[in-house]
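Colleague: Got a file for you: input_16.cif, mmCIF, C-alpha atoms.
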```cif
data_structure
loop_
_atom_site.label_atom_id
_atom_site.label_comp_id
_atom_site.auth_asym_id
_atom_site.auth_seq_id
_atom_site.Cartn_x
_atom_site.Cartn_y
_atom_site.Cartn_z
CA MET A 1 103.73 -25.45 159.46
CA GLU A 2 102.04 -22.72 157.40
CA THR A 3 99.70 -25.26 155.79
CA SER A 4 98.90 -27.15 159.00
CA ALA A 5 95.39 -27.20 160.41
CA THR A 6 96.57 -25.23 163.46
CA ALA A 7 98.13 -22.51 161.32
CA ARG A 8 95.03 -22.23 159.15
CA ARG A 9 92.86 -21.95 162.25
CA LEU A 10 95.13 -19.20 163.60
CA ALA A 11 94.77 -17.32 160.33
CA ARG A 12 90.99 -17.61 160.28
CA ARG A 13 90.68 -16.38 163.85
CA PHE A 14 93.09 -13.43 163.83
CA VAL A 15 93.56 -12.41 160.18
CA ALA A 16 90.77 -11.29 157.84
CA GLY A 17 92.29 -13.11 154.87
CA GLU A 18 95.02 -12.71 152.28
CA THR A 19 93.34 -10.20 149.96
CA LEU A 20 91.83 -6.75 150.19
CA ASP A 21 88.46 -8.19 149.19
CA ASP A 22 88.70 -10.57 152.17
CA ALA A 23 89.41 -7.65 154.49
CA LEU A 24 86.55 -5.57 153.08
CA ALA A 25 84.12 -8.46 153.56
CA VAL A 26 85.13 -8.79 157.21
CA ALA A 27 84.95 -5.02 157.66
CA ARG A 28 81.45 -4.89 156.22
CA LYS A 29 80.27 -7.63 158.58
CA LEU A 30 81.79 -5.85 161.58
CA ASN A 31 80.18 -2.57 160.53
CA GLU A 32 76.82 -4.36 160.51
CA GLU A 33 77.52 -5.34 164.13
CA GLY A 34 78.14 -1.72 165.09
CA ILE A 35 81.95 -1.97 165.03
CA THR A 36 84.30 0.24 163.01
CA VAL A 37 87.65 -1.02 161.72
CA THR A 38 91.22 -0.09 160.95
CA LEU A 39 92.74 -2.23 158.21
CA ASP A 40 96.38 -3.25 158.40
CA HIS A 41 98.13 -4.82 155.41
CA LEU A 42 100.65 -7.16 156.98
CA GLY A 43 104.33 -6.82 156.24
CA GLU A 44 107.19 -4.86 157.78
CA SER A 45 110.94 -4.34 157.46
CA VAL A 46 110.97 -4.34 153.66
CA ALA A 47 114.21 -5.26 151.88
CA ASN A 48 114.29 -2.46 149.32
CA LEU A 49 112.59 0.75 148.27
CA GLU A 50 110.62 -1.03 145.54
CA GLU A 51 108.91 -3.15 148.19
CA ALA A 52 108.21 -0.02 150.21
CA ALA A 53 106.58 1.64 147.18
CA ALA A 54 104.51 -1.49 146.59
CA ALA A 55 103.30 -1.35 150.21
CA ARG A 56 102.34 2.29 149.73
CA ASP A 57 100.32 1.38 146.64
CA VAL A 58 98.45 -1.38 148.50
CA TYR A 59 97.48 1.14 151.16
CA LEU A 60 96.38 3.68 148.58
CA ARG A 61 94.11 1.03 147.03
CA THR A 62 92.83 0.15 150.49
CA LEU A 63 91.92 3.75 151.27
CA GLU A 64 90.13 4.07 147.93
CA ALA A 65 88.22 0.83 148.47
CA ILE A 66 87.13 1.83 151.99
CA HIS A 67 85.75 5.05 150.52
CA GLU A 68 84.11 3.47 147.47
CA LYS A 69 82.47 0.64 149.46
CA GLY A 70 81.23 2.92 152.23
CA ILE A 71 83.14 1.04 154.92
CA GLN A 72 83.25 2.68 158.34
CA GLY A 73 87.00 2.42 158.79
CA ASN A 74 90.50 3.68 158.17
CA VAL A 75 94.02 2.22 157.88
CA SER A 76 96.98 1.47 160.14
CA LEU A 77 100.56 1.03 158.95
CA LYS A 78 104.09 0.34 160.14
CA LEU A 79 106.81 2.68 158.97
CA THR A 80 109.37 -0.08 158.41
CA GLN A 81 106.99 -1.38 155.72
CA PHE A 82 107.22 2.04 154.06
CA GLY A 83 111.04 2.04 154.09
CA LEU A 84 111.96 3.65 157.44
CA ASP A 85 114.98 1.38 157.97
CA LEU A 86 116.23 2.09 154.45
CA ALA A 87 115.80 5.84 154.04
CA TYR A 88 113.78 8.18 156.24
CA GLU A 89 113.03 10.61 153.42
CA HIS A 90 111.63 7.85 151.23
CA ALA A 91 109.44 6.59 154.07
CA LEU A 92 108.22 10.14 154.69
CA ALA A 93 107.42 10.62 151.01
CA ASN A 94 105.53 7.31 150.84
CA VAL A 95 103.41 8.03 153.90
CA ASP A 96 102.89 11.62 152.77
CA GLN A 97 101.14 10.34 149.65
CA LEU A 98 98.87 8.19 151.77
CA VAL A 99 97.99 10.87 154.33
CA ARG A 100 97.40 13.45 151.61
CA ARG A 101 94.94 11.07 149.93
CA ALA A 102 93.30 10.32 153.29
CA ALA A 103 92.74 14.06 153.78
CA GLU A 104 91.13 14.31 150.34
CA LEU A 105 88.80 11.43 151.21
CA ASP A 106 88.16 12.72 154.74
CA SER A 107 89.67 9.49 156.05
CA PHE A 108 92.49 8.79 158.51
CA VAL A 109 95.87 7.06 158.76
CA ARG A 110 97.17 5.57 162.00
CA VAL A 111 100.93 5.09 162.26
CA ASP A 112 101.68 2.09 164.45
CA MET A 113 104.55 2.19 166.92
CA GLU A 114 107.28 -0.40 166.55
CA ALA A 115 110.29 -1.16 168.77
CA SER A 116 111.69 1.71 170.84
CA ALA A 117 114.59 2.28 168.43
CA HIS A 118 111.99 3.71 166.02
CA THR A 119 110.00 5.83 168.49
CA SER A 120 111.64 9.21 167.93
CA ALA A 121 111.63 8.89 164.14
CA THR A 122 108.00 7.76 164.16
CA LEU A 123 106.86 10.69 166.30
CA GLY A 124 108.86 13.15 164.22
CA LEU A 125 107.30 11.89 161.01
CA VAL A 126 103.77 12.01 162.43
CA HIS A 127 104.21 15.56 163.74
CA ASP A 128 105.53 16.60 160.32
CA LEU A 129 102.68 15.03 158.35
CA PHE A 130 100.02 16.25 160.74
CA GLY A 131 101.30 19.78 160.21
CA ARG A 132 100.98 19.32 156.46
CA HIS A 133 97.68 17.46 156.15
CA GLY A 134 96.08 16.56 159.47
CA HIS A 135 94.28 13.19 159.19
CA VAL A 136 97.11 11.20 160.79
CA GLY A 137 97.61 9.83 164.28
CA VAL A 138 100.00 7.57 166.13
CA VAL A 139 100.24 4.73 168.62
CA ILE A 140 101.82 5.21 172.04
CA GLN A 141 103.03 2.25 174.12
CA ALA A 142 102.43 2.60 177.85
CA TYR A 143 105.38 0.43 178.87
CA LEU A 144 107.91 3.01 177.65
CA PHE A 145 109.18 5.47 180.25
CA ARG A 146 108.99 8.31 177.75
CA SER A 147 105.34 7.83 176.81
CA GLU A 148 103.77 10.18 179.36
CA LYS A 149 105.82 13.11 178.03
CA ASP A 150 105.18 12.09 174.42
CA VAL A 151 101.44 12.12 175.04
CA GLU A 152 101.60 15.60 176.57
CA GLU A 153 103.22 16.87 173.36
CA LEU A 154 100.74 15.01 171.15
CA ASN A 155 97.80 16.42 173.11
CA THR A 156 99.17 19.94 172.72
CA SER A 157 99.41 19.39 168.95
CA ARG A 158 95.92 17.81 168.89
CA ILE A 159 97.23 14.64 167.29
CA ARG A 160 95.08 11.57 167.84
CA VAL A 161 96.63 8.79 169.95
CA ARG A 162 95.92 5.10 170.23
CA LEU A 163 97.22 3.94 173.61
CA CYS A 164 98.29 0.31 174.01
CA LYS A 165 100.48 -1.48 176.54
CA GLY A 166 103.22 -2.49 174.08
CA ALA A 167 104.25 -5.85 172.65
CA TYR A 168 108.00 -5.66 171.93
CA LEU A 169 110.75 -7.02 174.14
CA GLU A 170 112.52 -3.87 175.32
CA PRO A 171 115.67 -3.27 177.39
CA PRO A 172 115.08 -2.30 181.04
CA GLY A 173 116.51 1.15 180.48
CA VAL A 174 113.56 2.26 178.33
CA ALA A 175 110.53 0.30 179.52
CA PHE A 176 108.79 -0.85 182.68
CA PRO A 177 109.61 -4.55 183.17
CA ASP A 178 106.70 -5.38 185.50
CA LYS A 179 103.10 -5.71 184.37
CA LYS A 180 101.75 -3.83 187.39
CA ASP A 181 103.87 -0.80 186.52
CA VAL A 182 102.81 -0.97 182.86
CA ASP A 183 99.16 -1.15 183.92
CA ARG A 184 99.57 1.79 186.29
CA ASN A 185 101.19 3.90 183.58
CA PHE A 186 98.55 2.86 181.05
CA ILE A 187 95.74 4.04 183.33
CA LYS A 188 97.52 7.32 184.12
CA ILE A 189 98.09 8.11 180.44
CA ALA A 190 94.61 6.95 179.42
CA GLU A 191 92.99 9.27 181.96
CA ASN A 192 95.08 12.15 180.61
CA LEU A 193 94.02 11.32 177.05
CA LEU A 194 90.35 11.09 177.96
CA GLN A 195 90.44 14.53 179.58
CA HIS A 196 92.86 16.37 177.29
CA GLY A 197 93.40 14.31 174.13
CA THR A 198 91.81 14.55 170.70
CA TYR A 199 89.51 11.58 170.09
CA PRO A 200 91.83 9.07 171.77
CA ALA A 201 91.65 5.31 171.31
CA ILE A 202 92.02 3.16 174.42
CA ALA A 203 93.34 -0.18 173.16
CA SER A 204 93.11 -3.01 175.68
CA HIS A 205 91.62 -6.46 176.25
CA ASP A 206 92.25 -6.23 180.00
CA GLU A 207 88.89 -6.45 181.76
CA ALA A 208 90.12 -4.62 184.87
CA ILE A 209 91.45 -1.73 182.81
CA LEU A 210 88.30 -1.54 180.71
CA ARG A 211 86.17 -1.49 183.83
CA HIS A 212 88.31 1.28 185.33
CA MET A 213 88.14 3.39 182.17
CA LYS A 214 84.35 3.07 181.91
CA GLN A 215 83.98 4.13 185.53
CA PHE A 216 86.36 7.06 184.98
CA VAL A 217 84.35 8.25 181.98
CA GLU A 218 81.08 8.08 183.88
CA LYS A 219 82.51 9.76 187.00
CA HIS A 220 83.94 12.71 185.07
CA GLY A 221 81.03 13.12 182.67
CA ILE A 222 83.16 12.47 179.58
CA ASP A 223 81.18 12.22 176.36
CA ARG A 224 81.19 8.64 175.08
CA ASP A 225 81.46 9.95 171.53
CA SER A 226 84.72 11.76 172.31
CA PHE A 227 86.84 8.58 172.30
CA GLU A 228 86.75 4.90 171.36
CA PHE A 229 87.90 1.56 172.64
CA GLN A 230 90.02 -0.57 170.33
CA MET A 231 90.73 -4.30 170.22
CA LEU A 232 92.34 -6.82 167.91
CA TYR A 233 90.21 -8.78 165.45
CA GLY A 234 89.51 -12.22 166.93
CA ILE A 235 90.59 -11.40 170.50
CA ARG A 236 87.99 -11.43 173.29
CA ARG A 237 84.94 -11.38 171.06
CA ASP A 238 82.84 -11.70 174.20
CA LEU A 239 84.16 -8.35 175.47
CA GLN A 240 83.70 -6.81 172.04
CA ARG A 241 80.02 -7.74 171.96
CA GLN A 242 79.61 -6.51 175.53
CA LEU A 243 81.09 -3.09 174.81
CA VAL A 244 78.89 -2.59 171.76
CA ALA A 245 75.78 -3.73 173.64
CA GLN A 246 76.58 -1.21 176.38
CA GLY A 247 76.75 1.62 173.85
CA TRP A 248 80.53 2.20 173.76
CA ARG A 249 82.35 2.99 170.54
CA LEU A 250 84.57 0.12 169.40
CA ARG A 251 87.06 -0.21 166.55
CA LEU A 252 88.85 -3.44 165.66
CA TYR A 253 92.38 -3.64 164.28
CA VAL A 254 91.92 -5.99 161.30
CA PRO A 255 95.08 -7.37 159.65
CA PHE A 256 95.10 -8.95 156.21
CA GLY A 257 97.65 -10.16 153.67
CA ARG A 258 99.90 -13.06 152.86
CA ALA A 259 102.48 -12.14 155.49
CA TRP A 260 100.27 -13.34 158.38
CA TYR A 261 102.57 -16.22 159.33
CA PRO A 262 105.84 -14.29 159.82
CA TYR A 263 103.83 -11.51 161.48
CA TYR A 264 102.53 -13.77 164.22
CA MET A 265 105.80 -15.64 164.59
CA ARG A 266 107.60 -12.35 165.15
CA ARG A 267 104.98 -11.28 167.70
CA LEU A 268 105.45 -14.53 169.61
CA ALA A 269 109.25 -14.36 169.43
CA GLU A 270 109.41 -10.75 170.58
CA ARG A 271 107.62 -11.37 173.83
CA PRO A 272 107.05 -14.84 175.36
CA ALA A 273 103.92 -13.61 177.16
CA ASN A 274 102.30 -13.25 173.75
CA VAL A 275 102.33 -17.05 173.31
CA LEU A 276 99.99 -17.61 176.24
CA PHE A 277 97.84 -14.65 175.17
CA ILE A 278 97.30 -16.05 171.66
CA LEU A 279 96.78 -19.66 172.76
CA ARG A 280 94.33 -18.69 175.49
CA ASN A 281 92.25 -16.66 173.06
CA LEU A 282 92.08 -19.43 170.47
CA PHE A 283 89.48 -21.02 172.68
CA ARG A 284 87.61 -17.94 173.93
CA HIS A 285 84.51 -16.48 172.31
#
```
Can the structure from this file be put into structure tokens for me?

Modeller:
Amino acid sequence: METSATARRLARRFVAGETLDDALAVARKLNEEGITVTLDHLGESVANLEEAAAARDVYLRTLEAIHEKGIQGNVSLKLTQFGLDLAYEHALANVDQLVRRAAELDSFVRVDMEASAHTSATLGLVHDLFGRHGHVGVVIQAYLFRSEKDVEELNTSRIRVRLCKGAYLEPPGVAFPDKKDVDRNFIKIAENLLQHGTYPAIASHDEAILRHMKQFVEKHGIDRDSFEFQMLYGIRRDLQRQLVAQGWRLRLYVPFGRAWYPYYMRRLAERPANVLFILRNLFRH
């Protein structure tokens, strides 16, 4: 399957390539189109601490290359790739090295949010590292019941938030099961971030939500340079071009690496709605 024409097409559309050089080439092209990037080296849930250290080193090289090549971008990571499931202290130490280097380079590290079992540990680690170095932010998933309170605390600490809807299959006790409720909570939290957050990122491909957020910004006189929209590389390129043409800030989440196949298979397995989302966007421009 991994060598099939369909799989190769999927990789070309949604993944920048297998190497850092591939990712930098895509990033440079996007920068020329007025789009900034966040690079994500694919891979999560490492089997041992040696793999976690190797992931850290890839990210350190990525940060250095972004700086040396003058790329307008930063990095995003998953804590399970840095050893969170193996030993919290090791994961903390690995990410600490990365955030410390990001601070030295005046760059930024975004810690992605994974399944809800990791939420508390992720937020604790981000609060800790932000207190040490700054230059680190986190992702909040709007479908979790707890997210509104988490955002209040992050705003108070002036930690940057990327808000997304959420992609993991969660038990009903922790997350809204219905899309309309997720959308309502997303909008409520996004409005809070736009008014009280520190350079928030509103991550959505939903045209209705994007339209609402643009109208909210204009109505309340919010500076367009005080936040950004974010989207996934390869998804709704028509909307991406539209946002840039209208003068909005846009950053794309650009994954790269050899682990693209298991990454997408896990995404599809975690939430059946993702299957339709990916297939529909294979044929959109």

Colleague: Select, from A:Pro172, A:Ser76, A:Arg13, A:Asn192, the residue with the minimum atom-to-atom distance to Val138 in chain A, counting only C-alpha atoms.

Modeller: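 Of all the options, A:Ser76 lies closest to Val138 in chain A.
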
Colleague: Going by the chain IDs and residue numbers used in this file, which residues fall under the PyMOL selection byres ((chain A and resi 209-214) around 12)? Write them as JSON, numbers by chain.

Modeller: {"A": [164, 165, 180, 182, 183, 184, 185, 186, 187, 188, 189, 190, 191, 192, 193, 194, 195, 201, 202, 203, 204, 205, 206, 207, 208, 215, 216, 217, 218, 219, 220, 221, 222, 223, 224, 227, 228, 229, 230, 231, 239, 240, 242, 243, 246, 247, 248, 249]}

Colleague: On this file, the PyMOL selection byres ((chain A and resi 198) around 6) gives some set of residues; write that set as a PyMOL selection string.

Modeller: chain A and resi 158+160+197+199-200

Colleague: Show me, as a compact mmCIF listing (two decimals) with C-alpha atoms, keeping the file's coordinate frame, the residues that have an atom within 12 Å of range 254-257 of chain A when counting only C-alpha atoms, minus same-chain residues fewer than 2 positions from it.

Modeller:
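What ended up in selection_22.txt:
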```
# COMPACT_ATOMS: atom_id res chain seq x y z
CA ALA A 11 94.77 -17.32 160.33
CA ARG A 12 90.99 -17.61 160.28
CA ARG A 13 90.68 -16.38 163.85
CA PHE A 14 93.09 -13.43 163.83
CA VAL A 15 93.56 -12.41 160.18
CA ALA A 16 90.77 -11.29 157.84
CA GLY A 17 92.29 -13.11 154.87
CA GLU A 18 95.02 -12.71 152.28
CA THR A 19 93.34 -10.20 149.96
CA LEU A 20 91.83 -6.75 150.19
CA ASP A 21 88.46 -8.19 149.19
CA ASP A 22 88.70 -10.57 152.17
CA ALA A 23 89.41 -7.65 154.49
CA LEU A 24 86.55 -5.57 153.08
CA ALA A 25 84.12 -8.46 153.56
CA VAL A 26 85.13 -8.79 157.21
CA ALA A 27 84.95 -5.02 157.66
CA ARG A 28 81.45 -4.89 156.22
CA LEU A 30 81.79 -5.85 161.58
CA ILE A 35 81.95 -1.97 165.03
CA THR A 36 84.30 0.24 163.01
CA VAL A 37 87.65 -1.02 161.72
CA THR A 38 91.22 -0.09 160.95
CA LEU A 39 92.74 -2.23 158.21
CA ASP A 40 96.38 -3.25 158.40
CA HIS A 41 98.13 -4.82 155.41
CA LEU A 42 100.65 -7.16 156.98
CA GLY A 43 104.33 -6.82 156.24
CA GLU A 44 107.19 -4.86 157.78
CA ALA A 55 103.30 -1.35 150.21
CA VAL A 58 98.45 -1.38 148.50
CA TYR A 59 97.48 1.14 151.16
CA THR A 62 92.83 0.15 150.49
CA GLY A 73 87.00 2.42 158.79
CA ASN A 74 90.50 3.68 158.17
CA VAL A 75 94.02 2.22 157.88
CA SER A 76 96.98 1.47 160.14
CA LEU A 77 100.56 1.03 158.95
CA LYS A 78 104.09 0.34 160.14
CA GLN A 230 90.02 -0.57 170.33
CA MET A 231 90.73 -4.30 170.22
CA LEU A 232 92.34 -6.82 167.91
CA TYR A 233 90.21 -8.78 165.45
CA GLY A 234 89.51 -12.22 166.93
CA ILE A 235 90.59 -11.40 170.50
CA ARG A 251 87.06 -0.21 166.55
CA LEU A 252 88.85 -3.44 165.66
CA ALA A 259 102.48 -12.14 155.49
CA TRP A 260 100.27 -13.34 158.38
CA TYR A 261 102.57 -16.22 159.33
CA PRO A 262 105.84 -14.29 159.82
CA TYR A 263 103.83 -11.51 161.48
CA TYR A 264 102.53 -13.77 164.22
```

Colleague: So how many Å separate CA of Leu169 in chain A and CA of Val111 in chain A, to one decimal?

Modeller: 19.6 Å

Colleague: Put the listed atoms of range 9-28 of chain A in a box along x, y and z with 8 Å added on every side and give me the centre and edge lengths in Å to one decimal, as JSON.

Modeller:
```
{"center_x": 88.3, "center_y": -13.4, "center_z": 156.5, "size_x": 29.7, "size_y": 33.1, "size_z": 30.7}
```

Colleague: I'd like to know which of A:Arg101, A:Ala115, A:Ser45, A:Asp106 is closest to Phe82 in chain A, using only C-alpha atoms.

Modeller: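 The answer is A:Ser45, which sits nearest to Phe82 in chain A.
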
Colleague: Please, what distance in Å, to one decimal, runs between CA of Thr80 in chain A and CA of Arg56 in chain A?

Modeller: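 Here the two named atoms are 11.4 Å from each other.
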
Colleague: Just checking: using only C-alpha atoms, which residue out of A:Lys149, A:Arg237, A:Lys69, A:Arg100 ends up closest to His133 in chain A?

Modeller: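 Of A:Lys149, A:Arg237, A:Lys69, A:Arg100, the one nearest His133 in chain A is A:Arg100, counting only C-alpha atoms.
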
Colleague: Given the point (106.9, 12.9, 155.0) in the file's coordinates, find the residues that have an atom at most 10 Å from it, counting all atoms listed in the file, and give them as a PyMOL selection string.

Modeller: chain A and resi 88-99+124-130+132

Colleague: Kindly complete range 58-76 of chain A to N, CA, C and O atoms; the output should be written as a JSON list (two decimals), in the frame of the given file.

Modeller:
```json
[["chain", "number", "residue", "atom", "x", "y", "z"],
["A", 58, "VAL", "N", 99.50, -0.55, 147.90],
["A", 58, "VAL", "CA", 98.45, -1.38, 148.50],
["A", 58, "VAL", "C", 97.59, -0.54, 149.43],
["A", 58, "VAL", "O", 96.35, -0.62, 149.43],
["A", 59, "TYR", "N", 98.23, 0.29, 150.22],
["A", 59, "TYR", "CA", 97.48, 1.14, 151.16],
["A", 59, "TYR", "C", 96.65, 2.19, 150.44],
["A", 59, "TYR", "O", 95.53, 2.52, 150.86],
["A", 60, "LEU", "N", 97.17, 2.72, 149.36],
["A", 60, "LEU", "CA", 96.38, 3.68, 148.58],
["A", 60, "LEU", "C", 95.12, 3.00, 148.02],
["A", 60, "LEU", "O", 94.02, 3.57, 148.07],
["A", 61, "ARG", "N", 95.27, 1.77, 147.52],
["A", 61, "ARG", "CA", 94.11, 1.03, 147.03],
["A", 61, "ARG", "C", 93.14, 0.73, 148.16],
["A", 61, "ARG", "O", 91.91, 0.77, 147.98],
["A", 62, "THR", "N", 93.69, 0.45, 149.34],
["A", 62, "THR", "CA", 92.83, 0.15, 150.49],
["A", 62, "THR", "C", 92.01, 1.37, 150.90],
["A", 62, "THR", "O", 90.81, 1.27, 151.15],
["A", 63, "LEU", "N", 92.65, 2.52, 150.96],
["A", 63, "LEU", "CA", 91.92, 3.75, 151.27],
["A", 63, "LEU", "C", 90.80, 4.01, 150.25],
["A", 63, "LEU", "O", 89.68, 4.37, 150.63],
["A", 64, "GLU", "N", 91.12, 3.84, 148.98],
["A", 64, "GLU", "CA", 90.13, 4.07, 147.93],
["A", 64, "GLU", "C", 88.96, 3.11, 148.07],
["A", 64, "GLU", "O", 87.80, 3.50, 147.95],
["A", 65, "ALA", "N", 89.27, 1.84, 148.36],
["A", 65, "ALA", "CA", 88.22, 0.83, 148.47],
["A", 65, "ALA", "C", 87.32, 1.09, 149.68],
["A", 65, "ALA", "O", 86.10, 0.92, 149.61],
["A", 66, "ILE", "N", 87.92, 1.49, 150.80],
["A", 66, "ILE", "CA", 87.13, 1.83, 151.99],
["A", 66, "ILE", "C", 86.14, 2.93, 151.65],
["A", 66, "ILE", "O", 84.96, 2.87, 152.03],
["A", 67, "HIS", "N", 86.61, 3.93, 150.91],
["A", 67, "HIS", "CA", 85.75, 5.05, 150.52],
["A", 67, "HIS", "C", 84.67, 4.61, 149.54],
["A", 67, "HIS", "O", 83.48, 4.92, 149.74],
["A", 68, "GLU", "N", 85.06, 3.86, 148.52],
["A", 68, "GLU", "CA", 84.11, 3.47, 147.47],
["A", 68, "GLU", "C", 83.04, 2.52, 148.01],
["A", 68, "GLU", "O", 81.88, 2.58, 147.58],
["A", 69, "LYS", "N", 83.41, 1.64, 148.94],
["A", 69, "LYS", "CA", 82.47, 0.64, 149.46],
["A", 69, "LYS", "C", 81.67, 1.15, 150.66],
["A", 69, "LYS", "O", 80.82, 0.44, 151.18],
["A", 70, "GLY", "N", 81.96, 2.37, 151.10],
["A", 70, "GLY", "CA", 81.23, 2.92, 152.23],
["A", 70, "GLY", "C", 81.53, 2.23, 153.55],
["A", 70, "GLY", "O", 80.68, 2.20, 154.45],
["A", 71, "ILE", "N", 82.73, 1.71, 153.68],
["A", 71, "ILE", "CA", 83.14, 1.04, 154.92],
["A", 71, "ILE", "C", 83.42, 2.08, 156.00],
["A", 71, "ILE", "O", 84.06, 3.11, 155.74],
["A", 72, "GLN", "N", 82.94, 1.83, 157.20],
["A", 72, "GLN", "CA", 83.25, 2.68, 158.34],
["A", 72, "GLN", "C", 84.61, 2.24, 158.89],
["A", 72, "GLN", "O", 84.69, 1.33, 159.72],
["A", 73, "GLY", "N", 85.67, 2.85, 158.38],
["A", 73, "GLY", "CA", 87.00, 2.42, 158.79],
["A", 73, "GLY", "C", 88.10, 3.29, 158.23],
["A", 73, "GLY", "O", 87.86, 4.20, 157.43],
["A", 74, "ASN", "N", 89.32, 2.99, 158.64],
["A", 74, "ASN", "CA", 90.50, 3.68, 158.17],
["A", 74, "ASN", "C", 91.64, 2.67, 158.06],
["A", 74, "ASN", "O", 91.39, 1.46, 157.99],
["A", 75, "VAL", "N", 92.89, 3.13, 158.04],
["A", 75, "VAL", "CA", 94.02, 2.22, 157.88],
["A", 75, "VAL", "C", 95.07, 2.46, 158.96],
["A", 75, "VAL", "O", 95.19, 3.56, 159.50],
["A", 76, "SER", "N", 95.82, 1.40, 159.24],
["A", 76, "SER", "CA", 96.98, 1.47, 160.14],
["A", 76, "SER", "C", 98.18, 0.90, 159.41],
["A", 76, "SER", "O", 98.06, -0.05, 158.64]]
```
